[in-house]
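What follows is a single structure, written as structure tokens, with notes after it.
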Amino acid sequence: MKKLQIIIAIVGFLVFSIQSTYAQKETKPQEKVYKTTISKAPQKVKDVLKNYSGYVISNAATFTKKNNVTVYKIQLTKRNWSHFIYIDETGKVKGIDTGEHSGSLSSL
């Protein structure tokens, strides 16, 4: 009787371990991020950045290519707040991430 219980336990363990190895896993394509500088960005991107003259614009930038569209990510800083702006190669603003605070609030 003990041998039968051990065999059932081993078979059960094998079934569950094999089932997890054949389970479908979600594969998410990795977006490749490239480093660049503002001086290497297209002129249309530079033209959009002129609208943010009150901000300190980081010279470093990154870009990703997805569906034949290149989107640049550029950091803007004003006082103690950092923002990231996303601009495609045609000069259209795709989005802004805001609210990353650094430093003390006493300087405000």
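Here, A, B, ... name the chains of the structure tokens in the order displayed, residue numbers run from 1 inside each chain, and ligands are numbered from 1 in the same displayed order.
Residues with any atom within 7 Å of Glu89 in chain A, counting only C-alpha atoms and excluding same-chain neighbours fewer than 6 positions away, are Pro42, Lys44, Val45, Thr70 and Val71 of chain A.
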Quick check for you: according to DSSP on this backbone, which residues of range 1-92 of chain A are classed as alpha helix (DSSP H)? Reply as JSON, numbers by chain. {"A": [2, 3, 4, 5, 6, 7, 8, 9, 10, 11, 12, 13, 14, 15, 16, 17, 18, 19, 20, 21, 43, 44, 45, 46, 47, 48, 49]}
Could you give me the residues within range 48-85 of chain A that DSSP places in strand (DSSP E), as a ChimeraX atom specification? /A:56-66,69-78,81-85
Leaving out Phe63 in chain A and any residue of its chain fewer than 3 positions from it, which residues lie within 6 Å of it when counting only C-alpha atoms, given as an MDAnalysis selection string? chainID A and resid 33:34 71:73
Selection export as a short mmCIF file (atom, residue, chain, number, x, y, z; two decimals), in the first residue's frame, atoms kept: all heavy atoms:
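Final file, selection-v3.cif:
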```cif
data_model
loop_
_atom_site.label_atom_id
_atom_site.label_comp_id
_atom_site.auth_asym_id
_atom_site.auth_seq_id
_atom_site.Cartn_x
_atom_site.Cartn_y
_atom_site.Cartn_z
N VAL A 33 16.07 50.38 -27.26
CA VAL A 33 16.25 51.79 -26.96
C VAL A 33 17.65 52.19 -27.40
O VAL A 33 18.63 51.56 -27.03
CB VAL A 33 16.06 52.07 -25.46
CG1 VAL A 33 16.29 53.53 -25.15
CG2 VAL A 33 14.68 51.64 -25.02
N TYR A 34 17.73 53.26 -28.20
CA TYR A 34 19.00 53.75 -28.70
C TYR A 34 19.32 55.07 -28.03
O TYR A 34 18.44 55.91 -27.83
CB TYR A 34 18.92 53.97 -30.22
CG TYR A 34 18.57 52.73 -30.99
CD1 TYR A 34 17.25 52.46 -31.33
CD2 TYR A 34 19.54 51.83 -31.39
CE1 TYR A 34 16.91 51.32 -32.04
CE2 TYR A 34 19.22 50.69 -32.10
CZ TYR A 34 17.90 50.44 -32.42
OH TYR A 34 17.56 49.32 -33.12
N VAL A 71 10.44 57.52 -32.09
CA VAL A 71 9.98 58.40 -31.03
C VAL A 71 11.16 58.72 -30.12
O VAL A 71 11.82 57.82 -29.61
CB VAL A 71 8.82 57.77 -30.23
CG1 VAL A 71 8.40 58.69 -29.09
CG2 VAL A 71 7.65 57.45 -31.13
N TYR A 72 11.39 60.02 -29.91
CA TYR A 72 12.48 60.49 -29.08
C TYR A 72 11.97 60.79 -27.68
O TYR A 72 10.89 61.35 -27.51
CB TYR A 72 13.09 61.76 -29.68
CG TYR A 72 13.84 61.49 -30.95
CD1 TYR A 72 13.18 61.44 -32.17
CD2 TYR A 72 15.21 61.25 -30.94
CE1 TYR A 72 13.86 61.17 -33.34
CE2 TYR A 72 15.90 60.98 -32.10
CZ TYR A 72 15.22 60.94 -33.30
OH TYR A 72 15.89 60.67 -34.45
N LYS A 73 12.76 60.42 -26.67
CA LYS A 73 12.44 60.69 -25.27
C LYS A 73 13.50 61.65 -24.74
O LYS A 73 14.70 61.33 -24.74
CB LYS A 73 12.44 59.40 -24.45
CG LYS A 73 12.15 59.61 -22.98
CD LYS A 73 12.21 58.28 -22.24
CE LYS A 73 11.98 58.45 -20.76
NZ LYS A 73 12.10 57.18 -20.05
#
```
Pick from A:Val15, A:Ile74, A:Ile96, A:Leu49, whichever lies nearest to Thr36 in chain A using only C-alpha atoms: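 With only C-alpha atoms as the atom set, the closest residue is A:Ile74.
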Mind giving me the straight-line distance from CA of Tyr86 in chain A to CA of Tyr52 in chain A in Å, one decimal?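 Distance reported for this atom pair: 13.1 Å.
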Pick out the closest residue to Ala61 in chain A from this set: A:Thr37, A:Ser82, A:Gln30, A:Thr77. Count only C-alpha atoms.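 Closest to Ala61 in chain A of all the choices is A:Thr37.
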Using only C-alpha atoms for the distances, tell me which of A:Gln75, A:Gln43, A:Ser53, A:Thr62 is nearest to Thr90 in chain A.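 Looking at the shortest contact to Thr90 in chain A, the residue is A:Gln43.
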For the atom pair CA of Lys40 in chain A and CA of Asn80 in chain A, what is the interatomic distance in Å to one decimal place?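 Computing the Euclidean distance for CA of Lys40 in chain A and CA of Asn80 in chain A yields 26.9 Å.
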Between CA of Ala41 in chain A and CA of Trp81 in chain A, what is the distance, to one decimal in Å?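 Computed distance, CA of Ala41 in chain A to CA of Trp81 in chain A, equals 23.7 Å.
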Close residues, Lys78 in chain A itself excluded, 8 Å, only C-alpha atoms, min 6 positions apart in chain, as a count of residues only: 3
